[in-house]
>>> print(open('run-v7.cif').read())   # mmCIF, C-alpha atoms
data_run
loop_
_atom_site.label_atom_id
_atom_site.label_comp_id
_atom_site.auth_asym_id
_atom_site.auth_seq_id
_atom_site.Cartn_x
_atom_site.Cartn_y
_atom_site.Cartn_z
CA MET A 56 -30.86 67.80 124.75
CA ASP A 57 -29.72 70.60 126.93
CA LEU A 58 -32.65 72.31 128.71
CA SER A 59 -30.60 74.45 130.99
CA ILE A 60 -31.17 78.21 130.79
CA GLN A 61 -28.17 80.38 130.24
CA PRO A 62 -27.85 82.97 133.02
CA ASN A 63 -27.06 85.77 130.59
CA ASP A 64 -30.15 85.05 128.51
CA ASN A 65 -32.26 85.16 131.60
CA VAL A 66 -30.89 88.52 132.65
CA ASN A 67 -31.31 90.01 129.19
CA HIS A 68 -34.85 88.73 128.96
CA ALA A 69 -35.79 90.23 132.30
CA PHE A 70 -34.18 93.52 131.35
CA ASP A 71 -36.09 93.70 128.08
CA CYS A 72 -39.39 93.17 129.90
CA ASP A 73 -38.72 96.07 132.31
CA LYS A 74 -37.27 98.44 129.78
CA PRO A 75 -39.87 100.56 127.96
CA SER A 76 -39.55 100.80 124.20
CA ALA A 77 -37.84 103.77 122.51
CA GLY A 78 -41.20 105.25 121.57
CA LYS A 79 -42.43 104.98 125.11
CA GLN A 80 -39.22 106.59 126.39
CA ARG A 81 -39.72 109.47 124.00
CA GLU A 82 -43.29 109.92 125.16
CA LEU A 83 -42.22 109.94 128.80
CA PHE A 84 -39.51 112.47 128.08
CA ASN A 85 -41.88 114.70 126.12
CA ALA A 86 -44.41 114.62 128.92
CA PHE A 87 -41.70 115.47 131.45
CA TYR A 88 -40.41 118.28 129.24
CA GLN A 89 -43.87 119.76 128.71
CA LYS A 90 -44.54 119.68 132.42
CA HIS A 91 -41.32 121.24 133.65
CA CYS A 92 -39.73 123.31 130.89
CA ASP A 93 -41.56 126.48 131.96
CA ARG A 94 -40.39 125.96 135.49
CA VAL A 95 -36.73 125.67 134.51
CA PHE A 96 -36.88 128.53 132.03
CA GLY A 97 -38.71 130.76 134.51
CA PHE A 98 -36.19 129.98 137.23
CA CYS A 99 -33.30 130.97 134.96
CA ARG A 100 -35.04 134.16 133.91
CA ASN A 101 -35.86 135.00 137.51
CA ARG A 102 -32.23 134.78 138.40
CA GLY A 103 -31.47 137.54 135.94
CA ILE A 104 -30.31 135.49 132.98
CA SER A 105 -31.27 136.71 129.52
CA THR A 106 -34.04 135.01 127.55
CA GLU A 107 -31.68 133.55 124.97
CA GLU A 108 -29.32 132.14 127.56
CA SER A 109 -32.20 130.87 129.65
CA ARG A 110 -33.43 128.96 126.60
CA GLU A 111 -30.00 127.48 126.08
CA PHE A 112 -29.74 126.51 129.74
CA THR A 113 -33.16 124.88 129.61
CA GLN A 114 -32.07 122.92 126.57
CA ASP A 115 -28.84 121.81 128.28
CA ILE A 116 -30.65 120.82 131.44
CA PHE A 117 -33.19 118.72 129.56
CA MET A 118 -30.39 117.15 127.59
CA SER A 119 -29.01 115.99 130.93
CA VAL A 120 -32.49 114.79 131.87
CA TYR A 121 -32.61 112.73 128.69
CA ILE A 122 -29.12 111.29 129.12
CA ASN A 123 -29.68 110.39 132.78
CA ARG A 124 -33.25 109.26 132.14
CA VAL A 125 -34.51 111.42 134.97
CA TYR A 126 -37.99 111.35 133.45
CA ASN A 127 -38.27 107.77 134.71
CA PHE A 128 -37.74 108.88 138.31
CA PRO A 129 -40.68 109.41 140.64
CA GLU A 130 -41.72 113.05 141.01
CA ASN A 131 -40.20 113.54 144.47
CA GLN A 132 -36.79 112.55 143.11
CA ALA A 133 -36.99 114.10 139.66
CA LEU A 134 -37.91 117.58 140.87
CA PRO A 135 -35.04 117.92 143.38
CA TRP A 136 -32.69 116.63 140.67
CA LEU A 137 -34.00 119.15 138.17
CA PHE A 138 -33.85 121.96 140.71
CA THR A 139 -30.30 121.15 141.77
CA THR A 140 -29.11 120.94 138.16
CA ALA A 141 -30.78 124.23 137.23
CA ARG A 142 -29.49 125.97 140.34
CA ASN A 143 -25.94 124.74 139.84
CA LYS A 144 -26.06 125.82 136.23
CA VAL A 145 -27.24 129.29 137.21
CA ILE A 146 -24.69 129.62 140.02
CA SER A 147 -21.78 128.59 137.80
CA TYR A 148 -22.96 130.99 135.11
CA MET A 149 -23.22 133.84 137.60
CA ARG A 150 -19.84 132.99 139.03
CA SER A 151 -18.22 133.02 135.61
CA THR A 152 -19.93 136.32 134.76
CA MET A 153 -18.75 137.83 138.01
CA ILE A 154 -15.22 136.67 137.35
CA ARG A 155 -15.36 138.05 133.84
CA HIS A 156 -16.81 141.44 134.71
CA GLY A 157 -16.08 141.94 138.36
CA HIS A 158 -12.38 141.23 138.63
CA ALA A 159 -11.25 144.84 138.23
CA ASN A 160 -13.84 146.08 140.74
CA SER A 161 -12.92 143.44 143.27
CA VAL A 162 -9.25 144.48 143.08
CA GLN A 163 -10.29 148.08 143.76
CA ARG A 164 -12.54 147.03 146.63
CA ALA A 165 -9.79 144.92 148.17
CA GLY A 166 -7.68 148.04 148.54
CA GLN A 167 -10.45 149.81 150.40
CA GLU A 168 -11.18 146.90 152.69
CA TRP A 169 -7.86 147.33 154.45
CA HIS A 170 -9.20 150.36 156.28
CA VAL A 171 -11.50 148.49 158.62
CA SER A 172 -12.08 150.11 162.00
CA TYR A 173 -12.07 147.73 164.93
CA PRO A 174 -14.05 148.50 168.09
CA SER A 175 -12.26 149.60 171.22
CA PRO A 176 -12.36 147.19 174.24
CA ASP A 177 -15.19 149.22 175.80
CA GLU A 178 -17.20 149.18 172.62
CA PHE A 179 -16.56 145.48 172.24
CA VAL A 180 -17.96 144.80 175.73
CA GLN A 181 -20.95 146.99 174.98
CA GLU A 182 -21.60 145.16 171.71
CA SER A 183 -21.31 141.77 173.39
CA ASP A 184 -23.76 142.90 176.04
CA ARG A 185 -26.25 143.99 173.38
CA ILE A 186 -25.90 140.71 171.52
CA SER A 187 -26.53 138.64 174.63
CA ARG A 188 -29.55 140.78 175.49
CA LEU A 189 -30.84 140.38 171.96
CA ARG A 190 -30.36 136.63 172.13
CA LEU A 191 -32.27 136.61 175.41
CA VAL A 192 -35.16 138.61 173.92
CA ILE A 193 -35.30 136.38 170.84
CA GLU A 194 -35.22 133.19 172.92
CA ASN A 195 -37.91 134.36 175.32
CA ALA A 196 -40.23 135.82 172.69
CA PRO A 197 -43.38 133.88 171.72
CA PRO A 198 -42.47 131.22 169.09
CA MET A 199 -44.16 132.90 166.13
CA VAL A 200 -42.84 136.34 167.05
CA ARG A 201 -39.35 134.86 167.28
CA LYS A 202 -39.66 133.14 163.91
CA CYS A 203 -40.99 136.27 162.25
CA LEU A 204 -38.22 138.45 163.68
CA ILE A 205 -35.52 136.04 162.56
CA LEU A 206 -37.02 135.63 159.09
CA LYS A 207 -37.42 139.36 158.62
CA TYR A 208 -34.26 140.79 160.15
CA PHE A 209 -31.84 137.90 159.91
CA GLN A 210 -32.85 135.92 156.83
CA GLN A 211 -34.25 139.09 155.25
CA LEU A 212 -37.20 137.36 153.65
CA SER A 213 -39.99 139.33 152.00
CA TYR A 214 -43.47 139.24 153.52
CA ASP A 215 -44.65 136.90 150.76
CA GLU A 216 -41.82 134.50 151.42
CA MET A 217 -42.49 134.62 155.13
CA ALA A 218 -46.15 133.89 154.53
CA ASP A 219 -45.19 130.86 152.44
CA PHE A 220 -42.63 129.66 154.92
CA LEU A 221 -44.83 129.89 157.99
CA GLY A 222 -48.16 129.27 156.29
CA LEU A 223 -49.64 132.44 157.78
CA SER A 224 -51.41 135.43 156.30
CA LEU A 225 -49.53 138.67 155.61
CA ASN A 226 -51.47 140.55 158.26
CA THR A 227 -50.68 137.98 160.94
CA ILE A 228 -47.00 138.20 160.06
CA LYS A 229 -47.04 141.98 160.23
CA THR A 230 -48.72 141.80 163.63
CA HIS A 231 -46.07 139.37 164.92
CA ILE A 232 -43.28 141.62 163.67
CA LYS A 233 -44.89 144.62 165.30
CA ARG A 234 -45.08 142.76 168.59
CA GLY A 235 -41.48 141.63 168.24
CA LEU A 236 -40.25 145.15 167.60
CA GLN A 237 -42.18 146.34 170.64
CA LEU A 238 -40.38 143.74 172.73
CA LEU A 239 -37.04 144.88 171.34
CA ARG A 240 -37.87 148.52 171.99
CA ILE A 241 -38.70 147.76 175.59
CA GLN A 242 -35.46 145.85 176.04
CA PHE A 243 -33.29 148.47 174.32
CA ARG A 244 -35.17 151.52 175.53
CA ASP A 245 -32.04 153.02 177.05
CA GLN A 246 -30.33 152.92 173.62
CA THR A 247 -33.06 154.28 171.44
CA ASP A 248 -30.90 157.19 170.38
CA GLU A 249 -28.58 154.80 168.45
CA MET B 61 -30.91 150.13 166.63
CA ASN B 62 -31.42 150.14 162.87
CA GLU B 63 -32.20 147.15 160.65
CA LEU B 64 -28.61 146.69 159.53
CA LYS B 65 -27.36 146.62 163.10
CA LEU B 66 -30.11 144.21 164.08
CA HIS B 67 -29.11 141.95 161.19
CA GLN B 68 -25.45 142.05 162.26
CA TYR B 69 -26.29 141.22 165.87
CA LEU B 70 -28.62 138.43 164.85
CA THR B 71 -25.92 136.95 162.62
CA ILE B 72 -23.68 136.66 165.64
CA ALA B 73 -26.42 135.66 168.05
CA LEU B 74 -27.86 132.90 165.89
CA GLN B 75 -25.52 130.16 164.90
CA PRO B 76 -26.88 126.97 163.29
CA SER B 77 -26.27 124.11 165.67
CA THR B 78 -27.28 121.27 163.32
CA PRO B 79 -25.62 120.18 160.06
CA CYS B 80 -26.98 121.62 156.83
CA LEU B 81 -29.99 120.02 155.18
CA SER B 82 -29.96 118.00 151.98
CA ILE B 83 -31.95 119.14 148.98
CA ASN B 84 -34.34 116.23 149.50
CA GLU B 85 -35.04 117.35 153.05
CA ILE B 86 -35.69 120.92 151.93
CA PHE B 87 -37.88 119.64 149.12
CA SER B 88 -39.89 117.46 151.51
CA PHE B 89 -40.27 120.42 153.86
CA PHE B 90 -41.46 122.58 150.98
CA GLN B 91 -43.94 119.95 149.86
CA GLY B 92 -45.15 119.40 153.43
CA ASP B 93 -44.31 115.69 153.33
CA GLN B 94 -42.40 115.62 156.61
CA SER B 95 -43.61 114.45 159.98
CA GLU B 96 -44.25 117.03 162.69
CA ILE B 97 -40.92 116.40 164.44
CA GLU B 98 -38.94 116.48 161.20
CA ARG B 99 -40.72 119.63 160.19
CA GLU B 100 -39.85 121.36 163.47
CA ARG B 101 -36.22 120.36 163.11
CA THR B 102 -35.99 121.48 159.48
CA GLU B 103 -37.74 124.76 160.21
CA GLU B 104 -35.43 125.47 163.12
CA HIS B 105 -32.39 124.86 160.98
CA LEU B 106 -33.72 126.94 158.11
CA LEU B 107 -34.34 129.83 160.50
CA GLN B 108 -30.73 129.88 161.56
CA CYS B 109 -28.87 128.86 158.40
CA PRO B 110 -28.70 131.45 155.60
CA ALA B 111 -27.28 128.94 153.09
CA CYS B 112 -30.15 126.49 153.52
CA MET B 113 -32.63 129.36 153.53
CA ASP B 114 -31.17 130.50 150.19
CA THR B 115 -31.81 127.02 148.82
CA TRP B 116 -35.37 127.15 150.15
CA ARG B 117 -35.92 130.53 148.50
CA ASP B 118 -34.57 129.24 145.20
CA LEU B 119 -36.73 126.16 145.47
CA ARG B 120 -39.77 128.34 146.12
CA LEU B 121 -38.92 130.30 143.01
CA PHE B 122 -38.42 127.11 141.05
CA MET B 123 -41.63 125.46 142.18
CA ASN B 124 -43.73 128.54 141.61
CA VAL B 125 -44.72 128.13 137.97
CA GLU B 126 -46.40 131.56 137.97
CA THR B 127 -42.97 133.16 138.08
CA PHE B 128 -42.52 132.05 134.50
CA ALA B 129 -45.47 134.09 133.35
CA LYS B 130 -44.12 137.14 135.13
CA THR B 131 -40.58 136.83 133.88
CA ASN B 132 -41.31 135.66 130.38
CA ARG B 133 -42.77 139.03 129.51
CA SER B 134 -39.91 140.87 127.91
CA PRO B 135 -40.10 144.67 127.58
CA LYS B 136 -41.04 144.15 123.92
CA THR B 137 -43.89 141.89 124.96
CA HIS B 138 -45.00 144.53 127.45
CA GLN B 139 -44.97 147.10 124.67
CA LEU B 140 -46.91 144.77 122.41
CA MET B 141 -49.46 144.14 125.14
CA LYS B 142 -49.86 147.87 125.60
CA TYR B 143 -50.47 148.40 121.88
CA LEU B 144 -52.91 145.50 121.84
CA ALA B 145 -54.77 147.04 124.75
CA TYR B 146 -54.95 150.37 122.93
CA ALA B 147 -56.14 148.63 119.77
CA ALA B 148 -58.79 146.74 121.72
CA CYS B 149 -59.98 149.99 123.33
CA LEU B 150 -60.10 151.68 119.94
CA ILE B 151 -62.06 148.83 118.38
CA MET B 152 -64.47 148.86 121.31
CA ALA B 153 -64.91 152.62 121.02
CA ILE B 154 -65.55 152.37 117.27
CA GLY B 155 -67.96 149.49 117.82
CA LEU B 156 -69.80 151.39 120.52
CA GLY B 157 -69.90 154.50 118.36
CA ALA B 158 -71.23 152.54 115.41
CA ALA B 159 -73.88 150.89 117.55
CA MET B 160 -74.93 154.21 119.04
CA GLY B 161 -74.96 155.83 115.60
CA THR B 162 -77.02 153.02 114.17
CA TRP B 163 -79.49 153.30 116.99
CA TRP B 164 -79.59 157.08 116.79
CA LEU B 165 -79.93 157.30 113.03
CA ALA B 166 -82.14 154.29 112.53
CA PRO B 167 -85.57 155.47 111.34
CA GLU B 168 -87.22 152.45 112.98
CA ASN B 169 -86.43 153.84 116.41
CA SER B 170 -88.55 156.91 115.80
CA LEU B 171 -90.90 155.58 113.20
CA SER B 172 -92.05 152.83 115.46
CA TYR B 173 -95.41 151.49 114.41
CA SER B 174 -96.73 151.40 117.92
CA GLN B 175 -100.46 151.03 118.24
CA GLU B 176 -100.43 152.66 121.63
CA VAL B 177 -99.79 156.17 120.40
CA ALA B 178 -102.59 158.29 121.74
CA ALA B 179 -101.76 161.80 120.59
CA LEU B 180 -101.67 162.53 116.90
CA VAL B 181 -100.67 166.00 115.78
CA GLU B 182 -100.72 167.26 112.25
CA LEU B 183 -98.31 170.05 111.45
CA TYR B 184 -98.06 172.41 108.50
CA PRO B 185 -95.18 174.65 107.52
CA GLN B 186 -95.19 178.43 107.83
CA HIS B 187 -96.18 179.10 104.22
CA MET B 188 -99.18 176.74 104.50
CA THR B 189 -100.78 178.61 107.40
CA PHE B 190 -104.04 178.79 105.50
CA ARG B 191 -104.39 175.10 106.21
CA GLY B 192 -104.42 175.36 109.98
CA GLY B 193 -101.90 177.79 111.38
CA PRO B 194 -98.21 177.56 112.17
CA GLY B 195 -98.59 174.90 114.83
CA GLN B 196 -101.05 172.68 116.60
CA LEU B 197 -101.86 172.86 120.26
CA VAL B 198 -101.17 169.61 122.04
CA ASP B 199 -102.58 168.72 125.41
CA ARG B 200 -99.75 166.90 127.14
CA ASP B 201 -102.14 164.99 129.35
CA SER B 202 -103.36 163.23 126.26
CA ILE B 203 -99.94 161.76 125.49
CA HIS B 204 -99.70 158.11 126.46
CA ALA B 205 -97.10 155.45 126.01
CA GLY B 206 -94.41 158.11 125.96
CA LEU B 207 -94.67 158.78 122.24
CA LEU B 208 -96.17 161.62 120.34
CA SER B 209 -97.18 160.87 116.78
CA VAL B 210 -96.62 163.86 114.53
CA VAL B 211 -97.75 164.10 110.90
CA LEU B 212 -95.74 166.58 108.85
CA ASN B 213 -97.29 168.02 105.76
CA THR B 214 -95.25 169.68 103.05
CA ASP B 215 -95.54 170.52 99.38
CA GLN B 216 -91.79 170.49 98.90
CA GLU B 217 -90.05 167.87 96.80
CA LEU B 218 -88.29 165.62 99.29
CA PRO B 219 -84.95 164.02 98.33
CA ALA B 220 -84.21 160.30 98.69
CA ASP B 221 -82.59 160.80 102.11
CA ILE B 222 -83.68 163.35 104.66
CA ARG B 223 -82.77 164.24 108.21
CA ILE B 224 -85.39 165.43 110.65
CA SER B 225 -84.13 167.28 113.72
CA ILE B 226 -86.23 168.37 116.68
CA GLU B 227 -85.14 171.32 118.79
CA ASN B 228 -86.55 172.86 121.94
CA THR B 229 -87.30 176.52 122.48
CA HIS B 230 -83.67 177.18 123.44
CA GLY B 231 -82.47 175.80 120.13
CA THR B 232 -81.04 172.62 121.67
CA LEU B 233 -81.27 169.49 119.57
CA VAL B 234 -83.34 166.91 121.46
CA HIS B 235 -83.95 164.32 118.79
CA LYS B 236 -82.75 163.37 115.34
CA ILE B 237 -84.29 161.06 112.75
CA SER B 238 -83.02 159.86 109.42
CA ILE B 239 -85.50 158.68 106.76
CA HIS B 240 -84.79 156.95 103.50
CA ASN B 241 -87.24 157.40 100.59
CA PRO B 242 -89.76 159.58 102.46
CA THR B 243 -93.32 159.99 101.32
CA THR B 244 -95.56 162.92 102.21
CA PRO B 245 -97.21 163.39 104.60
CA LEU B 246 -94.46 162.23 106.95
CA CYS B 247 -95.29 160.52 110.18
CA ILE B 248 -92.72 160.63 112.98
CA LEU B 249 -92.84 159.50 116.56
CA VAL B 250 -91.31 161.83 119.14
CA PRO B 251 -90.41 160.36 122.53
CA VAL B 252 -91.72 162.90 124.99
CA SER B 253 -89.18 161.79 127.54
CA LEU B 254 -86.65 163.83 125.59
CA LEU B 255 -88.51 167.01 126.46
CA SER B 256 -88.15 168.78 129.77
CA SER B 257 -91.38 169.29 131.68
CA ASN B 258 -91.44 173.05 131.22
CA GLU B 259 -91.16 172.87 127.44
CA SER B 260 -93.86 174.88 125.72
CA SER B 261 -93.01 174.32 122.08
CA LEU B 262 -90.86 172.28 119.73
CA PHE B 263 -89.30 173.12 116.40
CA ILE B 264 -89.04 170.43 113.77
CA PHE B 265 -86.70 170.85 110.81
CA ILE B 266 -86.30 168.77 107.67
CA HIS B 267 -82.84 168.85 106.08
CA ASP B 268 -81.33 167.03 103.17
CA VAL B 269 -78.10 165.03 103.63
CA GLN B 270 -75.99 168.08 102.80
CA GLY B 271 -77.66 169.94 105.68
CA ASN B 272 -79.78 172.31 103.56
CA LEU B 273 -83.07 173.22 105.19
CA ILE B 274 -86.12 171.95 103.30
CA GLU B 275 -88.95 172.68 105.72
CA SER B 276 -89.56 173.82 109.31
CA PHE B 277 -92.49 173.30 111.68
CA GLN B 278 -93.49 174.45 115.14
CA LEU B 279 -95.39 172.37 117.63
CA LYS B 280 -97.02 174.06 120.60
CA THR B 281 -98.04 172.40 123.83
CA THR B 282 -100.65 173.58 126.24
CA LYS B 283 -99.85 172.00 129.62
CA GLY B 284 -96.56 171.81 131.44
CA THR B 285 -96.58 168.20 132.52
CA VAL B 286 -95.23 165.50 130.29
CA LYS B 287 -96.13 161.93 131.13
#
>>> encode(input="run-v7.cif", output="structure tokens")
Amino acid sequence: MDLSIQPNDNVNHAFDCDKPSAGKQRELFNAFYQKHCDRVFGFCRNRGISTEESREFTQDIFMSVYINRVYNFPENQALPWLFTTARNKVISYMRSTMIRHGHANSVQRAGQEWHVSYPSPDEFVQESDRISRLRLVIENAPPMVRKCLILKYFQQLSYDEMADFLGLSLNTIKTHIKRGLQLLRIQFRDQTDE
Amino acid sequence: MNELKLHQYLTIALQPSTPCLSINEIFSFFQGDQSEIERERTEEHLLQCPACMDTWRDLRLFMNVETFAKTNRSPKTHQLMKYLAYAACLIMAIGLGAAMGTWWLAPENSLSYSQEVAALVELYPQHMTFRGGPGQLVDRDSIHAGLLSVVLNTDQELPADIRISIENTHGTLVHKISIHNPTTPLCILVPVSLLSSNESSLFIFIHDVQGNLIESFQLKTTKGTVK
């Protein structure tokens, strides 16, 4: 009598124990869909995609979720996956739309872009001087003032976004920006006419 | 230096020195799951890297469920909401009007069977002057509980529904009562708060539902203070 256990049987048995049933899978997927479908749809709509197309995109994205069984992932992995998929979908859609509608315009623009004026050597030196002074001001500014200036004038964030990013109130952010602009004014006082 | 120039200078002045962040790193930063050092590093990179900041902005948009509610409202939905708001206002106005009308026209409001009525005045119409004159003198100091009980006598045939209106000396309507199946003599309660303190007399008219005058009375007061 052979009592030895076949390795394949063992593997299959273990797999069956870990694998949830089809009904359970469906439940998990439904729960995942209910929780995140608004998020995906809203993101698509916010990026300027029509309601119909946003619905289609949401459907496609959740089809991918189902195929890849993303609903079994922990939250901190599933959400970045969902976000990346939705974002890529939106970006490729926008790219294709731009190619479709914007080709003629881009050809026209390309013709105009040839006439770019380059600064003279004097102007170039002046510009470089300004940039190094600006870098100096930004580096020496108080940390929050520096962050606010960069977020506002370089990253061009809205006040709401800045408040979320830094975890500060709107008024505090406005105060920091005011202080930062004062610093810049002092530094560039001799060039206020520009 | 204008904003555009400042943006151009900053683009040159700030160059990201560290490699770009992964989506998991940005997600952890957004969720606040990173350690203090990691957070500082991520924040510093995000400040200087427009590409990563774009991802952060998109992630913020994605994670903010409220955005759905804002964006899901199509212009048609907005229009529908506007019409619904108008309809709600209209229904409220009709409801309020009906409630006010019911209160105003309800005979119970005037024909309250209060036991605290102190002043009781009996009035006769002009053509029945032989029974006591055109009006009765009322001492306003004798009015208590804010109500004046007035008994109206008439020999006219009263219809099933009548309207009693009370006007001041200037002809302004101060009170209106509706009575179903009236019996003579009629007893009405007049809230004295409706009268101004310098009122010297009141005119009481009985109309049918079509507005035809059936009877008129005059009530005279003697003192200028109404309690």
>>> interface_residues(input="run-v7.cif", of="chain A", to="chain B", cutoff="6 Å", atoms="all atoms listed in the file", output="VMD selection string")
chain A and resid 94 97 to 98 186 190 208 to 209 249
>>> residues_around(input="run-v7.cif", residues="Thr244 (chain B)", least_positions_apart="4", cutoff="9 Å", atoms="all atoms listed in the file", output="short mmCIF file (atom, residue, chain, number, x, y, z; two decimals) with C-alpha atoms, keeping the file's coordinate frame")
data_model
loop_
_atom_site.label_atom_id
_atom_site.label_comp_id
_atom_site.auth_asym_id
_atom_site.auth_seq_id
_atom_site.Cartn_x
_atom_site.Cartn_y
_atom_site.Cartn_z
CA LEU B 212 -95.74 166.58 108.85
CA ASN B 213 -97.29 168.02 105.76
CA THR B 214 -95.25 169.68 103.05
CA ASP B 215 -95.54 170.52 99.38
CA LEU B 218 -88.29 165.62 99.29
#
>>> closest_residue(input="run-v7.cif", among="A:Met217, A:Ile232, A:Met149, A:Leu137", to="Asn123 (chain A)", atoms="all atoms listed in the file")
A:Leu137
>>> residues_around(input="run-v7.cif", residues="Gly235 (chain A)", least_positions_apart="2", cutoff="10 Å", atoms="only C-alpha atoms", output="list in words")
Val192, Ile193, Ala196, Pro197, Met199, Val200, Arg201, Lys202, Cys203, Leu204, Ile205, Lys229, Thr230, His231, Ile232, Lys233, Gln237, Leu238, Leu239, Arg240 and Ile241 of chain A
>>> write_last_selection(input="run-v7.cif", atoms="C-alpha atoms", output="compact mmCIF listing (two decimals), keeping the file's coordinate frame")
# COMPACT_ATOMS: atom_id res chain seq x y z
CA VAL A 192 -35.16 138.61 173.92
CA ILE A 193 -35.30 136.38 170.84
CA ALA A 196 -40.23 135.82 172.69
CA PRO A 197 -43.38 133.88 171.72
CA MET A 199 -44.16 132.90 166.13
CA VAL A 200 -42.84 136.34 167.05
CA ARG A 201 -39.35 134.86 167.28
CA LYS A 202 -39.66 133.14 163.91
CA CYS A 203 -40.99 136.27 162.25
CA LEU A 204 -38.22 138.45 163.68
CA ILE A 205 -35.52 136.04 162.56
CA LYS A 229 -47.04 141.98 160.23
CA THR A 230 -48.72 141.80 163.63
CA HIS A 231 -46.07 139.37 164.92
CA ILE A 232 -43.28 141.62 163.67
CA LYS A 233 -44.89 144.62 165.30
CA GLN A 237 -42.18 146.34 170.64
CA LEU A 238 -40.38 143.74 172.73
CA LEU A 239 -37.04 144.88 171.34
CA ARG A 240 -37.87 148.52 171.99
CA ILE A 241 -38.70 147.76 175.59
>>> axis_aligned_box(input="run-v7.cif", around="region 263-277 of chain B", padding_each_side="8 Å", output="AutoDock Vina command-line options")
--center_x -84.2 --center_y 169.4 --center_z 109.6 --size_x 32.5 --size_y 24.8 --size_z 29.6
>>> resolve_selection(input="run-v7.cif", expression="the PyMOL selection byres ((chain A and resi 105-111) around 12)", output="ChimeraX atom specification")
/A:92-104,112-118,141,144-145,148-149 /B:128,131-135
>>> atom_distance(input="run-v7.cif", atom1="CA of Asp268 (chain B)", atom2="CA of Ala220 (chain B)")
8.6 Å
>>> resolve_selection(input="run-v7.cif", expression="the PyMOL selection byres ((chain B and resi 233-241) around 6)", output="number ranges by chain")
B: 165, 167, 220-227, 232, 242
>>> closest_residue(input="run-v7.cif", among="A:Ala77, A:Gln181, A:Glu130, A:Ile122", to="His91 (chain A)", atoms="all atoms listed in the file")
A:Glu130
>>> closest_residue(input="run-v7.cif", among="A:Phe220, A:Arg188, A:Asn127, A:Thr227", to="Lys79 (chain A)", atoms="all atoms listed in the file")
A:Asn127
>>> atom_distance(input="run-v7.cif", atom1="CA of Tyr126 (chain A)", atom2="CA of Ser151 (chain A)")
29.4 Å
>>> atom_distance(input="run-v7.cif", atom1="CA of Arg101 (chain B)", atom2="CA of Asp184 (chain A)")
28.8 Å
>>> closest_residue(input="run-v7.cif", among="B:Ile266, B:Ala158, B:Leu279, B:Met141", to="Val210 (chain B)", atoms="all atoms listed in the file")
B:Leu279
>>> decode(input="run-v7.cif", residues="region 200-212 of chain A", atoms="N, CA and C atoms", output="PDB file, in the first residue's frame")
ATOM      1  N   VAL A 200       8.160  79.910   4.125  1.00  0.00           N
ATOM      2  CA  VAL A 200       8.049  80.969   3.105  1.00  0.00           C
ATOM      3  C   VAL A 200       8.604  80.440   1.785  1.00  0.00           C
ATOM      4  N   ARG A 201       9.738  79.753   1.887  1.00  0.00           N
ATOM      5  CA  ARG A 201      10.369  79.184   0.689  1.00  0.00           C
ATOM      6  C   ARG A 201       9.431  78.190   0.012  1.00  0.00           C
ATOM      7  N   LYS A 202       8.879  77.286   0.828  1.00  0.00           N
ATOM      8  CA  LYS A 202       7.978  76.267   0.264  1.00  0.00           C
ATOM      9  C   LYS A 202       6.770  76.924  -0.411  1.00  0.00           C
ATOM     10  N   CYS A 203       6.210  77.916   0.276  1.00  0.00           N
ATOM     11  CA  CYS A 203       5.010  78.560  -0.274  1.00  0.00           C
ATOM     12  C   CYS A 203       5.328  79.272  -1.585  1.00  0.00           C
ATOM     13  N   LEU A 204       6.479  79.953  -1.627  1.00  0.00           N
ATOM     14  CA  LEU A 204       6.856  80.662  -2.862  1.00  0.00           C
ATOM     15  C   LEU A 204       7.035  79.690  -4.013  1.00  0.00           C
ATOM     16  N   ILE A 205       7.718  78.591  -3.726  1.00  0.00           N
ATOM     17  CA  ILE A 205       7.965  77.596  -4.794  1.00  0.00           C
ATOM     18  C   ILE A 205       6.651  76.989  -5.265  1.00  0.00           C
ATOM     19  N   LEU A 206       5.796  76.633  -4.294  1.00  0.00           N
ATOM     20  CA  LEU A 206       4.518  75.997  -4.672  1.00  0.00           C
ATOM     21  C   LEU A 206       3.644  76.952  -5.474  1.00  0.00           C
ATOM     22  N   LYS A 207       3.693  78.225  -5.098  1.00  0.00           N
ATOM     23  CA  LYS A 207       2.799  79.180  -5.765  1.00  0.00           C
ATOM     24  C   LYS A 207       3.340  79.589  -7.131  1.00  0.00           C
ATOM     25  N   TYR A 208       4.617  79.973  -7.168  1.00  0.00           N
ATOM     26  CA  TYR A 208       5.134  80.590  -8.396  1.00  0.00           C
ATOM     27  C   TYR A 208       5.915  79.637  -9.289  1.00  0.00           C
ATOM     28  N   PHE A 209       6.297  78.494  -8.746  1.00  0.00           N
ATOM     29  CA  PHE A 209       6.989  77.521  -9.598  1.00  0.00           C
ATOM     30  C   PHE A 209       6.064  76.358  -9.953  1.00  0.00           C
ATOM     31  N   GLN A 210       5.493  75.738  -8.948  1.00  0.00           N
ATOM     32  CA  GLN A 210       4.575  74.616  -9.222  1.00  0.00           C
ATOM     33  C   GLN A 210       3.175  75.104  -9.587  1.00  0.00           C
ATOM     34  N   GLN A 211       2.915  76.343  -9.326  1.00  0.00           N
ATOM     35  CA  GLN A 211       1.633  76.986  -9.678  1.00  0.00           C
ATOM     36  C   GLN A 211       0.432  76.239  -9.115  1.00  0.00           C
ATOM     37  N   LEU A 212       0.543  75.912  -7.857  1.00  0.00           N
ATOM     38  CA  LEU A 212      -0.571  75.252  -7.154  1.00  0.00           C
ATOM     39  C   LEU A 212      -1.598  76.297  -6.733  1.00  0.00           C
TER      40      LEU A 212
END
